[in-house]
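J.: Below you'll find structure_29.tsv; it's TSV, C-alpha atoms.
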chain	number	residue	atom	x	y	z
A	1	MET	CA	0.00	0.00	0.00
A	2	ALA	CA	1.33	3.42	-0.91
A	3	ASP	CA	1.90	5.92	1.87
A	4	GLU	CA	-1.12	8.14	2.33
A	5	GLN	CA	-0.09	11.79	2.06
A	6	LYS	CA	-1.81	14.40	4.19
A	7	PRO	CA	-1.24	18.14	4.29
A	8	ILE	CA	0.65	19.58	7.27
A	9	VAL	CA	-0.34	22.93	8.73
A	10	GLU	CA	2.76	25.07	9.06
A	11	ALA	CA	3.13	28.82	9.50
A	12	ARG	CA	5.68	30.97	7.72
A	13	SER	CA	8.46	32.24	9.93
A	14	SER	CA	8.74	36.01	10.14
A	15	ASP	CA	12.44	35.59	10.96
A	16	LYS	CA	13.08	34.78	7.31
A	17	VAL	CA	11.78	38.08	5.92
A	18	MET	CA	14.62	40.52	5.26
A	19	TYR	CA	15.13	43.79	3.40
A	20	TYR	CA	17.76	44.72	0.83
A	21	TYR	CA	18.54	48.05	-0.79
A	22	LYS	CA	20.35	49.82	-3.59
A	23	ASN	CA	21.44	53.45	-3.62
A	24	PRO	CA	20.03	55.67	-6.37
A	25	TRP	CA	23.53	56.77	-7.41
A	26	GLU	CA	24.76	53.21	-8.12
A	27	PRO	CA	25.16	51.92	-11.71
A	28	LEU	CA	22.61	49.56	-13.27
A	29	SER	CA	25.02	46.62	-13.03
A	30	ASN	CA	25.23	46.72	-9.22
A	31	PRO	CA	23.26	44.08	-7.25
A	32	CYS	CA	21.31	44.84	-4.05
A	33	HIS	CA	22.84	44.93	-0.56
A	34	VAL	CA	21.62	43.63	2.80
A	35	LEU	CA	20.03	46.40	4.89
A	36	GLY	CA	22.25	46.03	7.95
A	37	THR	CA	21.28	43.13	10.18
A	38	GLN	CA	17.53	43.33	10.36
A	39	ALA	CA	15.76	43.33	13.74
A	40	ALA	CA	11.99	43.84	14.08
A	41	SER	CA	10.17	45.10	11.00
A	42	SER	CA	6.63	45.77	9.86
A	43	GLY	CA	4.66	47.39	7.09
A	44	THR	CA	1.34	49.02	6.35
A	45	ASN	CA	-0.88	48.82	3.28
A	46	THR	CA	-3.78	51.24	3.52
A	47	ALA	CA	-6.19	53.01	1.20
A	48	THR	CA	-8.30	56.10	1.76
A	49	LEU	CA	-11.91	55.23	2.55
A	50	GLY	CA	-14.87	57.17	1.23
A	51	THR	CA	-18.31	56.86	2.90
A	52	THR	CA	-21.66	57.85	1.38
A	53	PRO	CA	-24.49	57.73	3.94
A	54	THR	CA	-28.01	56.71	2.94
A	55	LYS	CA	-31.18	56.44	5.02
A	56	GLN	CA	-30.58	52.76	5.79
A	57	PHE	CA	-26.83	52.12	5.53
A	58	ASN	CA	-23.49	53.53	4.41
A	59	ILE	CA	-21.93	52.87	1.01
A	60	LYS	CA	-18.16	52.62	1.18
A	61	ASP	CA	-15.40	52.60	-1.41
A	62	THR	CA	-11.61	52.74	-1.34
A	63	GLY	CA	-9.45	55.34	-3.01
A	64	SER	CA	-5.75	56.11	-3.26
A	65	LYS	CA	-3.24	53.74	-1.64
A	66	ASN	CA	-0.59	54.51	0.97
A	67	GLN	CA	2.18	52.07	1.92
A	68	GLN	CA	5.01	52.13	4.45
A	69	ARG	CA	7.80	49.69	5.21
A	70	VAL	CA	9.25	50.03	8.72
A	71	VAL	CA	12.59	48.34	9.36
A	72	ASN	CA	14.49	48.40	12.64
A	73	VAL	CA	17.99	48.24	11.17
A	74	VAL	CA	20.88	47.07	13.37
A	75	MET	CA	23.93	48.92	12.12
A	76	THR	CA	26.90	46.78	11.09
A	77	LYS	CA	30.45	47.99	10.56
A	78	GLY	CA	31.09	49.31	7.08
A	79	ASP	CA	33.23	46.38	5.96
A	80	GLY	CA	30.92	43.67	7.32
A	81	PHE	CA	28.88	43.35	4.14
A	82	LYS	CA	31.07	45.60	1.96
A	83	THR	CA	28.57	48.46	2.40
A	84	ASP	CA	28.09	51.26	4.93
A	85	VAL	CA	24.36	51.21	5.65
A	86	ALA	CA	24.42	54.10	8.14
A	87	ARG	CA	26.18	56.37	5.66
A	88	ASP	CA	23.92	55.37	2.76
A	89	LEU	CA	20.68	55.92	4.70
A	90	TYR	CA	21.87	59.30	5.95
A	91	MET	CA	22.80	60.48	2.47
A	92	VAL	CA	19.44	59.36	1.06
A	93	TRP	CA	17.66	61.24	3.87
A	94	GLN	CA	19.89	64.33	3.65
A	95	LYS	CA	19.52	64.73	-0.10
A	96	GLY	CA	15.85	63.70	-0.25
A	97	LEU	CA	16.63	60.93	-2.74
A	98	THR	CA	14.49	57.97	-3.79
A	99	MET	CA	15.98	54.69	-2.54
A	100	LEU	CA	15.34	51.23	-4.01
A	101	LEU	CA	14.04	48.63	-1.54
A	102	TRP	CA	13.44	44.88	-1.85
A	103	ARG	CA	11.48	42.83	0.69
A	104	VAL	CA	12.64	39.19	0.43
A	105	ASP	CA	10.74	36.27	1.99
A	106	TRP	CA	13.29	33.47	2.43
A	107	ASN	CA	10.51	31.05	3.36
A	108	THR	CA	9.79	30.83	-0.36
A	109	LEU	CA	13.30	29.76	-1.40
A	110	ARG	CA	12.98	27.07	-4.08
A	111	ILE	CA	14.54	25.75	-7.29
A	112	VAL	CA	12.95	26.67	-10.62
A	113	ASN	CA	14.51	25.39	-13.86
A	114	GLY	CA	17.70	24.49	-11.97
A	115	LYS	CA	18.07	27.94	-10.36
A	116	GLN	CA	17.35	29.00	-6.79
A	117	VAL	CA	14.78	31.81	-6.60
A	118	VAL	CA	13.00	33.63	-3.79
A	119	ASP	CA	9.80	35.70	-3.75
A	120	THR	CA	10.48	39.44	-3.59
A	121	GLU	CA	8.63	42.73	-3.34
A	122	PHE	CA	10.10	45.88	-4.93
A	123	ALA	CA	9.45	49.46	-3.89
A	124	GLN	CA	10.78	52.95	-4.50
A	125	VAL	CA	10.90	54.72	-1.14
A	126	LYS	CA	11.61	58.03	0.59
A	127	ILE	CA	13.01	58.51	4.11
A	128	SER	CA	11.27	61.28	6.04
A	129	ALA	CA	12.57	60.45	9.54
A	130	LEU	CA	15.88	58.88	10.52
A	131	PRO	CA	16.00	58.37	14.32
A	132	GLU	CA	19.05	56.77	15.93
A	133	THR	CA	19.08	54.68	19.12
A	134	GLU	CA	22.32	54.65	21.09
A	135	ALA	CA	21.52	52.83	24.33
A	136	LEU	CA	24.29	51.55	26.59
A	137	ASN	CA	25.64	48.04	25.92
A	138	THR	CA	23.60	47.59	22.76
A	139	ALA	CA	24.18	47.94	19.04
A	140	ILE	CA	23.30	51.18	17.28
A	141	THR	CA	19.94	50.82	15.58
A	142	GLN	CA	17.85	53.00	13.31
A	143	ASN	CA	14.08	52.49	13.22
A	144	VAL	CA	13.51	53.68	9.67
A	145	THR	CA	10.10	54.29	8.14
A	146	PHE	CA	10.38	53.95	4.37
A	147	GLU	CA	7.57	55.85	2.66
A	148	VAL	CA	6.60	54.07	-0.55
A	149	THR	CA	6.25	56.41	-3.50
A	150	GLY	CA	3.70	54.95	-5.90
A	151	GLU	CA	2.89	51.31	-5.12
A	152	THR	CA	4.97	48.24	-4.30
A	153	ARG	CA	5.17	45.37	-6.78
A	154	ARG	CA	4.91	41.89	-5.23
A	155	TYR	CA	2.77	40.04	-7.81
A	156	ASP	CA	2.18	40.52	-11.50
A	157	ASP	CA	-1.31	41.08	-12.95
A	158	ASP	CA	-1.86	37.30	-13.04
A	159	GLY	CA	-1.04	36.88	-9.33
A	160	ASN	CA	2.39	35.36	-9.94
A	161	PRO	CA	5.13	36.45	-7.47
A	162	PHE	CA	8.17	38.35	-8.64
A	163	VAL	CA	11.46	36.62	-7.78
A	164	LEU	CA	15.18	37.28	-7.41
A	165	SER	CA	18.06	34.83	-7.78
A	166	ALA	CA	21.66	34.67	-6.58
A	167	GLU	CA	23.07	37.05	-9.19
A	168	ASP	CA	20.77	39.83	-7.95
A	169	PHE	CA	22.51	39.97	-4.54
A	170	ASP	CA	26.01	40.88	-3.40
A	171	ASP	CA	28.45	37.95	-3.64
A	172	GLY	CA	27.76	35.34	-0.98
A	173	ILE	CA	24.64	37.04	0.39
A	174	PHE	CA	22.22	34.57	-1.20
A	175	THR	CA	23.73	31.67	0.74
A	176	ALA	CA	24.94	33.60	3.80
A	177	THR	CA	21.76	35.50	4.67
A	178	LEU	CA	20.28	32.71	6.77
A	179	LYS	CA	23.51	31.69	8.55
A	180	TYR	CA	25.85	34.74	8.41
A	181	TYR	CA	28.96	32.63	8.95
A	182	ASN	CA	30.45	29.70	7.06
A	183	PHE	CA	32.33	26.86	8.75
A	184	ALA	CA	35.98	27.84	8.94
A	185	ARG	CA	39.19	25.95	9.55
A	186	PRO	CA	41.68	27.42	12.04
A	187	SER	CA	43.80	28.59	9.11
A	188	GLN	CA	40.83	30.46	7.58
A	189	VAL	CA	39.82	32.76	10.42
A	190	GLY	CA	41.87	35.12	12.57
A	191	ALA	CA	43.42	38.58	12.70
A	192	ASP	CA	44.82	40.32	9.63
A	193	ALA	CA	47.83	42.66	9.55
A	194	ASP	CA	45.71	45.48	11.02
A	195	GLY	CA	44.36	43.37	13.88
A	196	ASN	CA	40.87	42.99	12.41
A	197	LEU	CA	39.02	39.66	12.65
A	198	VAL	CA	38.69	38.26	9.11
A	199	SER	CA	37.67	35.00	7.46
A	200	THR	CA	38.61	33.44	4.14
A	201	ALA	CA	36.13	30.56	4.46
A	202	ALA	CA	34.15	29.61	1.36
A	203	ASP	CA	30.48	28.60	1.10
A	204	ASP	CA	29.90	25.57	3.34
A	205	SER	CA	26.51	24.50	1.97
A	206	HIS	CA	27.93	21.23	0.60
A	207	ALA	CA	31.32	21.08	2.33
A	208	GLY	CA	30.61	18.36	4.90
A	209	ASP	CA	31.86	14.76	4.81
A	210	PRO	CA	29.21	12.68	2.98
A	211	ASN	CA	30.62	9.49	4.54
A	212	GLY	CA	29.99	10.71	8.06
A	213	THR	CA	26.22	10.34	8.08
A	214	VAL	CA	23.31	8.76	6.22
A	215	ASP	CA	21.86	10.31	3.07
A	216	MET	CA	19.11	12.65	4.23
A	217	HIS	CA	17.22	12.19	0.96
A	218	LYS	CA	17.49	8.40	0.78
A	219	LYS	CA	14.34	6.32	1.16
A	220	PHE	CA	14.74	3.47	3.62
A	221	THR	CA	12.71	0.28	3.94
A	222	PRO	CA	12.40	-1.05	7.49
A	223	GLY	CA	14.30	-4.28	8.08
A	224	THR	CA	16.70	-3.80	5.17
A	225	SER	CA	20.23	-2.46	4.83
A	226	GLY	CA	20.48	1.04	6.26
A	227	VAL	CA	17.85	0.66	8.97
A	228	SER	CA	18.29	-1.58	11.97
A	229	LYS	CA	15.31	-3.49	13.28
A	230	PRO	CA	14.62	-3.10	17.01
A	231	SER	CA	15.42	-6.13	19.09
A	232	ALA	CA	12.49	-8.18	20.40
As structure tokens, how would this structure be written, given the file I've shared?

T.:
Amino acid sequence: MADEQKPIVEARSSDKVMYYYKNPWEPLSNPCHVLGTQAASSGTNTATLGTTPTKQFNIKDTGSKNQQRVVNVVMTKGDGFKTDVARDLYMVWQKGLTMLLWRVDWNTLRIVNGKQVVDTEFAQVKISALPETEALNTAITQNVTFEVTGETRRYDDDGNPFVLSAEDFDDGIFTATLKYYNFARPSQVGADADGNLVSTAADDSHAGDPNGTVDMHKKFTPGTSGVSKPSA
């Protein structure tokens, strides 16, 4: 008898939603960059509401849309991800520029036609307020409200999600976003000539010893080679 398959109820993790940006002065060929190390974030999607009263009930209709993306950005050092987020956000705010923002849901990571893709929302945004939090014994954070100019694009007119792939991100970000660090040998991590902690470790996604464990994708039949039967 074939195994009966039943659906499993499982929620999406909010921890896997992150934001990425690109400065308006960068060339077309540049990919997007991670927006610091994201902490709490939220967003609003609202529309103006018009009400026409009648003798028995109100008739309502929606009008123009207003969207915000709020990201509590934990500031990283400028060389951590090869960008200086604090500087970039300040310059965008100071000059009143339009920044490019991508909301990426890593829960949707999948392979399509042999390529890894992830669902993404794109927005052009303005920064009207740029508060900074500098509490003792904590990282510097900026709770930034990105005001969407126009409307975000998450799905096409047919309801299909827009996606990004590895080449759309800074080198290594596509694989490093969910883990930050790769496994490193003692000779691959340490201090450089200036005393800064650095790592030369490569992507560790498939760097383990395949002989050290069972194949996670292998199908086993109880009582045969690969699975031991419990003793009576």

J.: When you draw a straight line from CA of Glu167 (chain A) to CA of Gln188 (chain A), how long is it in Å?

T.: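 For CA of Glu167 (chain A) relative to CA of Gln188 (chain A), the distance reads 25.3 Å.
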
J.: Of the candidates A:Thr52, A:Thr138, A:Pro24, A:Ser29, which one gets nearest to Gly96 (chain A) if we count only C-alpha atoms?

T.: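 Going through A:Thr52, A:Thr138, A:Pro24, A:Ser29 one by one, the smallest distance to Gly96 (chain A) is for A:Pro24.
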
J.: Near Lys65 (chain A), counting all atoms listed in the file, which residues have an atom at most 10 Å away, once you skip same-chain residues fewer than 6 positions from it, shown as a list in words?

T.: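 The filter keeps Asn45, Thr46, Ala47, Thr48, Leu49, Val148, Gly150 and Glu151 of chain A.
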
J.: For CA of Ile8 (chain A) and CA of Arg103 (chain A), determine how far apart the two atoms are, in Å to one decimal place.

T.: 26.5 Å

J.: Find the residue from A:Cys32, A:Ala202, A:Ala40, A:Val92 that sits nearest to Val17 (chain A); use all atoms listed in the file when measuring.

T.: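 Result for the nearest residue to Val17 (chain A): A:Ala40.
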
J.: How big is the axis-aligned box around all listed atoms of region 33-42 of chain A once 3 Å goes on each side, and where's its centre, in Å to one decimal, as AutoDock Vina command-line options?

T.:
--center_x 14.7 --center_y 44.8 --center_z 6.8 --size_x 22.2 --size_y 9.3 --size_z 20.6

J.: Within 10 Å of (34.8, 24.5, 4.8) in the file's own coordinates, which protein, DNA or RNA residues have an atom, counting all atoms listed in the file? List them as a PyMOL selection string.

T.: chain A and resi 182-185+188+200-208

J.: Residues at most 12 Å from Thr98 (chain A), counting only C-alpha atoms, excluding those fewer than 6 positions away in the same chain, as an MDAnalysis selection string?

T.: chainID A and resid 21:25 88:89 91:92 123:128 146:150

J.: What does the distance between CA of Ser13 (chain A) and CA of Val34 (chain A) come to in Å, to one decimal place?

T.: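 According to the coordinates, CA of Ser13 (chain A) and CA of Val34 (chain A) are separated by 18.8 Å.
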
J.: A:Val163, A:Leu97, A:Ala39, A:Ala135: which is nearest Val74 (chain A), counting only C-alpha atoms?

T.: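 Of A:Val163, A:Leu97, A:Ala39, A:Ala135, the one nearest Val74 (chain A) is A:Ala39, counting only C-alpha atoms.
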
J.: When you count only C-alpha atoms, which of these residues is closest to Arg12 (chain A): A:Gln142, A:Asn160, A:Thr37, A:Asn107?

T.: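 Distance minimum relative to Arg12 (chain A) lands on A:Asn107.
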
J.: Pick out the closest residue to Met75 (chain A) from this set: A:Arg87, A:Leu136, A:Tyr20, A:Asp61. Count only C-alpha atoms.

T.: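 Among A:Arg87, A:Leu136, A:Tyr20, A:Asp61, it is A:Arg87 that comes nearest to Met75 (chain A).
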